[in-house]
$ cat query-v3.csv   # CSV, C-alpha atoms
chain,number,residue,atom,x,y,z
A,34,MET,CA,-26.0,-46.5,-23.9
A,35,ILE,CA,-23.9,-44.0,-21.9
A,36,ALA,CA,-21.1,-44.8,-19.5
A,37,LEU,CA,-19.4,-42.1,-17.4
A,38,ASP,CA,-15.9,-41.8,-15.9
A,39,ILE,CA,-15.6,-38.8,-13.6
A,40,ALA,CA,-12.5,-37.5,-11.8
A,41,ILE,CA,-12.7,-34.0,-10.3
A,42,ASN,CA,-9.5,-33.0,-8.5
A,43,ASP,CA,-10.9,-29.8,-7.2
A,44,LYS,CA,-13.5,-27.3,-8.3
A,45,GLN,CA,-13.7,-23.6,-7.2
A,46,TYR,CA,-15.2,-20.5,-8.7
A,47,ASP,CA,-13.1,-17.7,-10.1
A,48,ASN,CA,-14.4,-15.2,-7.6
A,49,SER,CA,-13.8,-17.4,-4.6
A,50,SER,CA,-10.8,-19.2,-3.0
A,51,SER,CA,-13.1,-21.9,-1.4
A,52,VAL,CA,-13.0,-25.4,-2.9
A,53,VAL,CA,-16.4,-26.8,-3.6
A,54,LEU,CA,-15.6,-30.3,-4.8
A,55,LYS,CA,-12.4,-32.2,-4.1
A,56,ASP,CA,-11.2,-35.7,-5.1
A,57,ILE,CA,-14.6,-36.7,-6.6
A,58,LYS,CA,-14.0,-40.0,-8.5
A,59,PHE,CA,-16.6,-42.5,-9.6
A,60,THR,CA,-17.9,-44.3,-12.7
A,61,VAL,CA,-21.4,-44.8,-13.9
A,62,LYS,CA,-22.2,-47.9,-15.9
A,63,PRO,CA,-24.4,-47.9,-19.1
A,64,GLY,CA,-28.0,-47.7,-18.0
A,65,GLU,CA,-27.2,-47.4,-14.3
A,66,PHE,CA,-29.3,-45.2,-12.0
A,67,VAL,CA,-27.1,-43.5,-9.5
A,68,ALA,CA,-28.3,-41.3,-6.7
A,69,ILE,CA,-26.1,-38.7,-4.9
A,70,ILE,CA,-26.9,-37.6,-1.4
A,71,GLY,CA,-25.1,-34.9,0.6
A,72,PRO,CA,-25.6,-32.0,3.0
A,73,SER,CA,-26.9,-28.7,1.6
A,74,GLY,CA,-24.2,-26.6,0.0
A,75,SER,CA,-22.0,-29.6,-0.7
A,76,GLY,CA,-21.7,-29.0,-4.4
A,77,LYS,CA,-24.1,-31.6,-5.7
A,78,THR,CA,-25.8,-29.2,-8.2
A,79,THR,CA,-22.3,-27.9,-9.2
A,80,LEU,CA,-21.4,-31.5,-10.1
A,81,LEU,CA,-24.5,-31.9,-12.3
A,82,ASN,CA,-23.8,-28.6,-14.0
A,83,MET,CA,-20.3,-29.7,-14.8
A,84,LEU,CA,-21.6,-32.9,-16.4
A,85,SER,CA,-24.2,-30.9,-18.4
A,86,GLY,CA,-21.7,-28.2,-19.6
A,87,LEU,CA,-23.4,-25.4,-17.6
A,88,GLU,CA,-20.3,-25.2,-15.4
A,89,GLU,CA,-16.7,-25.1,-16.7
A,90,ALA,CA,-15.0,-28.5,-16.4
A,91,THR,CA,-12.2,-28.5,-18.9
A,92,THR,CA,-9.4,-29.0,-16.3
A,93,GLN,CA,-11.2,-32.1,-14.9
A,94,LYS,CA,-11.6,-35.6,-16.3
A,95,ILE,CA,-15.2,-36.2,-17.3
A,96,LEU,CA,-15.4,-39.0,-19.9
A,97,CYS,CA,-18.5,-40.1,-21.8
A,98,ASN,CA,-18.0,-43.5,-23.4
A,99,ALA,CA,-14.3,-43.0,-23.0
A,100,GLN,CA,-14.3,-39.6,-24.7
A,101,PRO,CA,-14.1,-36.1,-23.1
A,102,ILE,CA,-17.7,-35.2,-22.5
A,103,GLU,CA,-17.3,-31.8,-24.3
A,104,ASP,CA,-16.3,-33.8,-27.5
A,105,CYS,CA,-19.5,-35.9,-27.3
A,106,LYS,CA,-21.5,-33.6,-29.6
A,107,GLU,CA,-24.1,-36.2,-30.4
A,108,LEU,CA,-24.9,-36.9,-26.7
A,109,GLN,CA,-28.6,-36.6,-26.0
A,110,LEU,CA,-28.9,-35.0,-22.6
A,111,GLY,CA,-32.0,-34.4,-20.5
A,112,TYR,CA,-31.8,-32.2,-17.4
A,113,ILE,CA,-34.6,-31.8,-14.9
A,114,PHE,CA,-33.9,-28.9,-12.5
A,115,GLN,CA,-35.3,-28.2,-9.0
A,116,GLN,CA,-37.7,-25.7,-10.6
A,117,PRO,CA,-39.5,-26.4,-13.8
A,118,ARG,CA,-37.7,-23.4,-15.6
A,119,LEU,CA,-40.5,-22.9,-18.1
A,120,MET,CA,-40.6,-19.7,-20.2
A,121,PRO,CA,-43.8,-18.0,-18.9
A,122,TRP,CA,-44.5,-16.3,-22.3
A,123,LEU,CA,-44.4,-19.6,-24.2
A,124,THR,CA,-47.0,-22.3,-24.4
A,125,VAL,CA,-46.4,-25.8,-23.2
A,126,GLN,CA,-45.7,-26.9,-26.7
A,127,GLU,CA,-43.3,-24.0,-27.3
A,128,ASN,CA,-41.4,-24.8,-24.1
A,129,ILE,CA,-40.9,-28.3,-25.3
A,130,GLN,CA,-39.8,-27.1,-28.7
A,131,LEU,CA,-37.0,-25.1,-27.1
A,132,VAL,CA,-34.9,-28.2,-26.7
A,133,LEU,CA,-35.8,-29.7,-30.1
A,134,PRO,CA,-37.2,-27.2,-32.6
A,135,THR,CA,-37.7,-29.9,-35.2
A,136,ILE,CA,-39.9,-32.1,-32.9
A,137,GLN,CA,-43.1,-33.2,-34.6
A,138,GLN,CA,-46.5,-32.3,-33.2
A,139,THR,CA,-47.5,-35.9,-32.9
A,140,LYS,CA,-44.5,-36.6,-30.6
A,141,ILE,CA,-45.3,-33.6,-28.4
A,142,SER,CA,-48.9,-34.8,-28.1
A,143,HIS,CA,-47.6,-38.3,-27.2
A,144,LEU,CA,-45.2,-37.0,-24.6
A,145,LEU,CA,-47.9,-34.9,-23.0
A,146,ALA,CA,-50.3,-37.8,-22.9
A,147,GLN,CA,-47.5,-39.9,-21.2
A,148,VAL,CA,-47.1,-37.3,-18.4
A,149,GLY,CA,-50.9,-36.8,-18.0
A,150,LEU,CA,-51.2,-33.5,-19.8
A,151,LYS,CA,-53.2,-34.6,-22.9
A,152,GLY,CA,-54.6,-31.6,-24.7
A,153,LYS,CA,-52.6,-29.0,-22.7
A,154,GLU,CA,-50.3,-28.0,-25.7
A,155,ASN,CA,-51.6,-24.4,-25.9
A,156,TYR,CA,-51.7,-23.7,-22.1
A,157,TYR,CA,-49.3,-21.2,-20.6
A,158,PRO,CA,-47.3,-22.1,-17.4
A,159,LYS,CA,-49.4,-19.7,-15.2
A,160,GLN,CA,-52.4,-21.8,-16.1
A,161,LEU,CA,-50.8,-25.0,-14.7
A,162,SER,CA,-50.3,-26.2,-11.1
A,163,GLY,CA,-46.8,-26.7,-9.8
A,164,GLY,CA,-47.1,-30.5,-10.3
A,165,MET,CA,-48.3,-29.9,-13.9
A,166,GLN,CA,-45.4,-27.6,-14.6
A,167,LYS,CA,-43.0,-30.3,-13.4
A,168,ARG,CA,-44.7,-32.7,-15.8
A,169,VAL,CA,-44.0,-30.3,-18.6
A,170,ALA,CA,-40.3,-30.2,-17.5
A,171,ILE,CA,-40.2,-34.0,-17.6
A,172,ALA,CA,-41.8,-34.1,-21.0
A,173,ARG,CA,-39.2,-31.5,-22.3
A,174,ALA,CA,-36.3,-33.5,-20.9
A,175,PHE,CA,-37.5,-36.7,-22.6
A,176,ALA,CA,-38.3,-35.0,-25.9
A,177,VAL,CA,-34.7,-35.6,-27.1
A,178,ASN,CA,-34.8,-39.4,-26.2
A,179,PRO,CA,-32.1,-38.8,-23.7
A,180,GLU,CA,-29.2,-41.1,-23.3
A,181,LEU,CA,-28.1,-39.3,-20.1
A,182,ILE,CA,-30.6,-37.8,-17.6
A,183,LEU,CA,-29.5,-35.4,-14.8
A,184,LEU,CA,-32.0,-34.8,-12.0
A,185,ASP,CA,-31.5,-32.1,-9.4
A,186,GLU,CA,-34.0,-32.7,-6.6
A,187,PRO,CA,-36.9,-32.7,-9.1
A,188,PHE,CA,-39.6,-33.6,-6.6
A,189,ASN,CA,-38.7,-31.6,-3.5
A,190,SER,CA,-41.3,-28.9,-3.9
A,191,LEU,CA,-44.3,-31.2,-4.5
A,192,ASP,CA,-46.8,-32.8,-2.2
A,193,ALA,CA,-46.2,-36.4,-1.4
A,194,PRO,CA,-48.9,-38.0,-3.7
A,195,THR,CA,-47.9,-35.9,-6.7
A,196,ALA,CA,-44.2,-36.7,-6.1
A,197,ALA,CA,-45.0,-40.4,-5.9
A,198,LYS,CA,-46.8,-40.3,-9.2
A,199,LEU,CA,-44.0,-38.4,-10.9
A,200,ARG,CA,-41.3,-40.8,-9.6
A,201,LEU,CA,-43.3,-43.7,-11.0
A,202,LEU,CA,-43.5,-41.9,-14.3
A,203,LEU,CA,-39.8,-41.2,-14.3
A,204,VAL,CA,-39.0,-44.9,-13.8
A,205,GLU,CA,-41.2,-45.8,-16.8
A,206,LEU,CA,-39.7,-43.1,-19.1
A,207,CYS,CA,-36.1,-43.9,-18.1
A,208,LYS,CA,-36.7,-47.6,-18.8
A,209,SER,CA,-38.3,-46.8,-22.2
A,210,CYS,CA,-35.2,-44.7,-23.2
A,211,ASN,CA,-32.5,-47.0,-21.7
A,212,SER,CA,-31.2,-43.8,-20.1
A,213,THR,CA,-28.2,-43.6,-17.7
A,214,VAL,CA,-29.4,-41.5,-14.8
A,215,ILE,CA,-27.8,-39.4,-12.1
A,216,LEU,CA,-30.2,-38.1,-9.4
A,217,VAL,CA,-29.3,-35.5,-6.7
A,218,THR,CA,-31.6,-35.8,-3.7
A,219,HIS,CA,-31.9,-35.3,0.1
A,220,ASP,CA,-34.5,-38.0,0.4
A,221,LEU,CA,-32.9,-41.4,1.2
A,222,SER,CA,-36.2,-43.2,0.7
A,223,GLU,CA,-36.4,-41.7,-2.8
A,224,ALA,CA,-32.9,-42.8,-3.5
A,225,ILE,CA,-33.6,-46.4,-2.3
A,226,TYR,CA,-36.8,-46.6,-4.4
A,227,LEU,CA,-35.1,-45.4,-7.6
A,228,ALA,CA,-31.4,-46.0,-7.6
A,229,ASP,CA,-29.1,-48.9,-8.3
A,230,ARG,CA,-26.4,-47.3,-6.3
A,231,ILE,CA,-26.2,-44.4,-3.8
A,232,ILE,CA,-23.2,-42.1,-3.4
A,233,PHE,CA,-22.9,-40.2,-0.2
A,234,MET,CA,-20.9,-36.9,-0.2
A,235,SER,CA,-19.4,-34.9,2.7
A,236,ASP,CA,-19.8,-31.3,3.6
A,237,SER,CA,-17.9,-28.7,1.5
A,238,PRO,CA,-15.2,-29.1,0.2
A,239,SER,CA,-17.2,-32.1,-0.8
A,240,SER,CA,-15.7,-35.6,-1.4
A,241,ILE,CA,-17.3,-39.1,-1.6
A,242,VAL,CA,-17.4,-40.7,1.8
A,243,HIS,CA,-19.4,-43.8,1.0
A,244,GLN,CA,-21.0,-45.8,-1.9
A,245,VAL,CA,-23.5,-48.6,-1.6
A,246,ASN,CA,-25.4,-50.7,-4.1
A,247,VAL,CA,-29.1,-51.0,-3.4
A,248,GLU,CA,-29.4,-54.7,-3.6
A,249,LEU,CA,-33.2,-54.9,-3.7
A,250,PRO,CA,-35.1,-56.3,-6.7
A,251,LYS,CA,-36.9,-54.0,-9.0
A,252,PRO,CA,-39.7,-52.9,-9.3
A,253,ARG,CA,-39.6,-51.6,-5.8
A,254,LYS,CA,-42.2,-50.1,-3.5
A,255,GLU,CA,-42.1,-46.6,-2.0
A,256,SER,CA,-41.6,-47.1,1.7
A,257,GLY,CA,-42.2,-50.9,1.3
A,258,CYS,CA,-41.2,-53.3,4.1
A,259,ASN,CA,-38.1,-54.4,2.3
A,260,GLU,CA,-37.1,-50.9,1.4
A,261,LEU,CA,-37.6,-49.6,4.9
A,262,ALA,CA,-35.7,-52.5,6.4
A,263,TRP,CA,-32.8,-51.8,4.1
A,264,GLN,CA,-32.8,-48.1,5.0
A,265,THR,CA,-32.9,-48.9,8.7
A,266,LYS,CA,-30.0,-51.3,8.4
A,267,LEU,CA,-27.9,-48.7,6.5
A,268,LEU,CA,-28.6,-45.9,9.1
A,269,GLN,CA,-27.8,-48.3,12.0
A,270,GLN,CA,-24.4,-49.0,10.4
A,271,HIS,CA,-23.7,-45.4,9.5
A,272,PRO,CA,-25.9,-43.2,11.7
A,273,ASP,CA,-24.3,-39.9,10.5
A,274,ILE,CA,-24.1,-40.7,6.8
A,275,LEU,CA,-26.9,-38.2,5.8
A,276,SER,CA,-24.7,-35.5,7.3
A,277,GLY,CA,-21.8,-36.5,5.1
A,278,ILE,CA,-19.9,-38.2,7.9
A,279,LEU,CA,-18.9,-41.9,7.7
A,280,LYS,CA,-19.0,-43.3,11.3
A,281,THR,CA,-19.6,-47.0,11.5
A,282,THR,CA,-21.2,-48.6,14.5
A,283,GLU,CA,-20.0,-51.9,15.9

$ encode --input "query-v3.csv" --output "structure tokens"
Amino acid sequence: MIALDIAINDKQYDNSSSVVLKDIKFTVKPGEFVAIIGPSGSGKTTLLNMLSGLEEATTQKILCNAQPIEDCKELQLGYIFQQPRLMPWLTVQENIQLVLPTIQQTKISHLLAQVGLKGKENYYPKQLSGGMQKRVAIARAFAVNPELILLDEPFNSLDAPTAAKLRLLLVELCKSCNSTVILVTHDLSEAIYLADRIIFMSDSPSSIVHQVNVELPKPRKESGCNELAWQTKLLQQHPDILSGILKTTE
């Protein structure tokens, strides 16, 4: 199982003097599900991209099981983006094979059955609904038996019933793989339903303003009474936390 130790002093792009991330320091325990919430433009996606290797991070401290993450060549990483990012000229099966060319046909069929797409191996993305394309993206991410899963607002463009089904599916798949998970979301209810801990970030240049353990037993209910009561209490204590401002009420 994967543990992370993250310390980002500052992050900015070569073509800009603006600092995106500043003094971001947190750890993630093996098998922990961490949600990150912050205002739009606060660098949450940049953080995930640094963890995945899509953004340069060599001057920062990002450790995976006490080793620099770039040295963890055997790390099995799954990344589910905001958009499905399927290649339109490839079939469902071929899109999954992009991340693992040696994957067996039986495993592809099993994955597609798990995500409710049995028999859709030879379909093209344009033949699938948005929710079905997202299911393919989930199957692709789990094709590698991921030890670390990164989720960038994966359900934000879906209708509520479809998003609820996919969140439940995600919980089941993460549990079966014993994955360590980092989720970026704007949806506090979603974070409470899924996460063991929630990290709140400020506006850019973004830093961590608050962290809280979600001390509710699992499995949880979406918008259940206990979950809603926990959310209400949090927002009463910190009414501006979703804007990245920590202001505590008496």

$ closest_atom_pairs --input "query-v3.csv" --of "segment 153-197 of chain A" --to "segment 72-96 of chain A" --cutoff "12 Å" --atoms "only C-alpha atoms" --output "JSON lines"
{"residue": "A:Leu181", "atom": "CA", "partner": "A:Ser85", "partner_atom": "CA", "distance": 9.4}
{"residue": "A:Ile182", "atom": "CA", "partner": "A:Ser85", "partner_atom": "CA", "distance": 9.4}
{"residue": "A:Leu183", "atom": "CA", "partner": "A:Leu81", "partner_atom": "CA", "distance": 6.6}
{"residue": "A:Leu184", "atom": "CA", "partner": "A:Leu81", "partner_atom": "CA", "distance": 8.0}
{"residue": "A:Asp185", "atom": "CA", "partner": "A:Thr78", "partner_atom": "CA", "distance": 6.5}
{"residue": "A:Glu186", "atom": "CA", "partner": "A:Thr78", "partner_atom": "CA", "distance": 9.1}
{"residue": "A:Pro187", "atom": "CA", "partner": "A:Thr78", "partner_atom": "CA", "distance": 11.7}

$ closest_atom_pairs --input "query-v3.csv" --of "segment 204-252 of chain A" --to "segment 161-179 of chain A" --cutoff "8 Å" --atoms "all atoms listed in the file" --output "Markdown table"
| residue | atom | partner | partner_atom | distance |
| --- | --- | --- | --- | --- |
| A:Leu206 | CA | A:Phe175 | CA | 7.6 |
| A:Cys210 | CA | A:Asn178 | CA | 6.1 |
| A:Ser212 | CA | A:Pro179 | CA | 6.2 |

$ atom_distance --input "query-v3.csv" --atom1 "atom CA of Asn259 of chain A" --atom2 "atom CA of Tyr226 of chain A"
10.4 Å

$ closest_residue --input "query-v3.csv" --among "A:Ala228, A:Val125, A:Leu131, A:Val214" --to "Gly64 of chain A" --atoms "only C-alpha atoms"
A:Val214

$ atom_distance --input "query-v3.csv" --atom1 "atom CA of Ser190 of chain A" --atom2 "atom CA of Leu275 of chain A"
19.7 Å

$ atom_distance --input "query-v3.csv" --atom1 "atom CA of Glu248 of chain A" --atom2 "atom CA of Met34 of chain A"
22.2 Å

$ residues_around --input "query-v3.csv" --residues "Asp220 of chain A" --least-positions-apart "3" --cutoff "9 Å" --atoms "only C-alpha atoms" --output "PDB file with C-alpha atoms, keeping the file's coordinate frame"
ATOM      1  CA  ILE A  70     -26.900 -37.600  -1.400  1.00  0.00           C
ATOM      2  CA  GLU A 186     -34.000 -32.700  -6.600  1.00  0.00           C
ATOM      3  CA  ASN A 189     -38.700 -31.600  -3.500  1.00  0.00           C
ATOM      4  CA  GLU A 223     -36.400 -41.700  -2.800  1.00  0.00           C
ATOM      5  CA  ALA A 224     -32.900 -42.800  -3.500  1.00  0.00           C
ATOM      6  CA  ILE A 225     -33.600 -46.400  -2.300  1.00  0.00           C
TER       7      ILE A 225
END

$ closest_residue --input "query-v3.csv" --among "A:Val53, A:Leu227, A:Ala193, A:Ile39" --to "Cys207 of chain A" --atoms "all atoms listed in the file"
A:Leu227

$ closest_residue --input "query-v3.csv" --among "A:Lys151, A:Ile215, A:Glu180, A:Pro134" --to "Glu107 of chain A" --atoms "all atoms listed in the file"
A:Glu180

$ residues_near_point --input "query-v3.csv" --point "(-24.6, -43.3, -8.4)" --cutoff "6 Å" --atoms "only C-alpha atoms" --output "list in words"
Val67, Ala68, Ile69, Arg230, Ile231 and Ile232 of chain A

$ closest_residue --input "query-v3.csv" --among "A:Leu203, A:Ser222, A:Thr60, A:Arg118" --to "Cys258 of chain A" --atoms "only C-alpha atoms"
A:Ser222
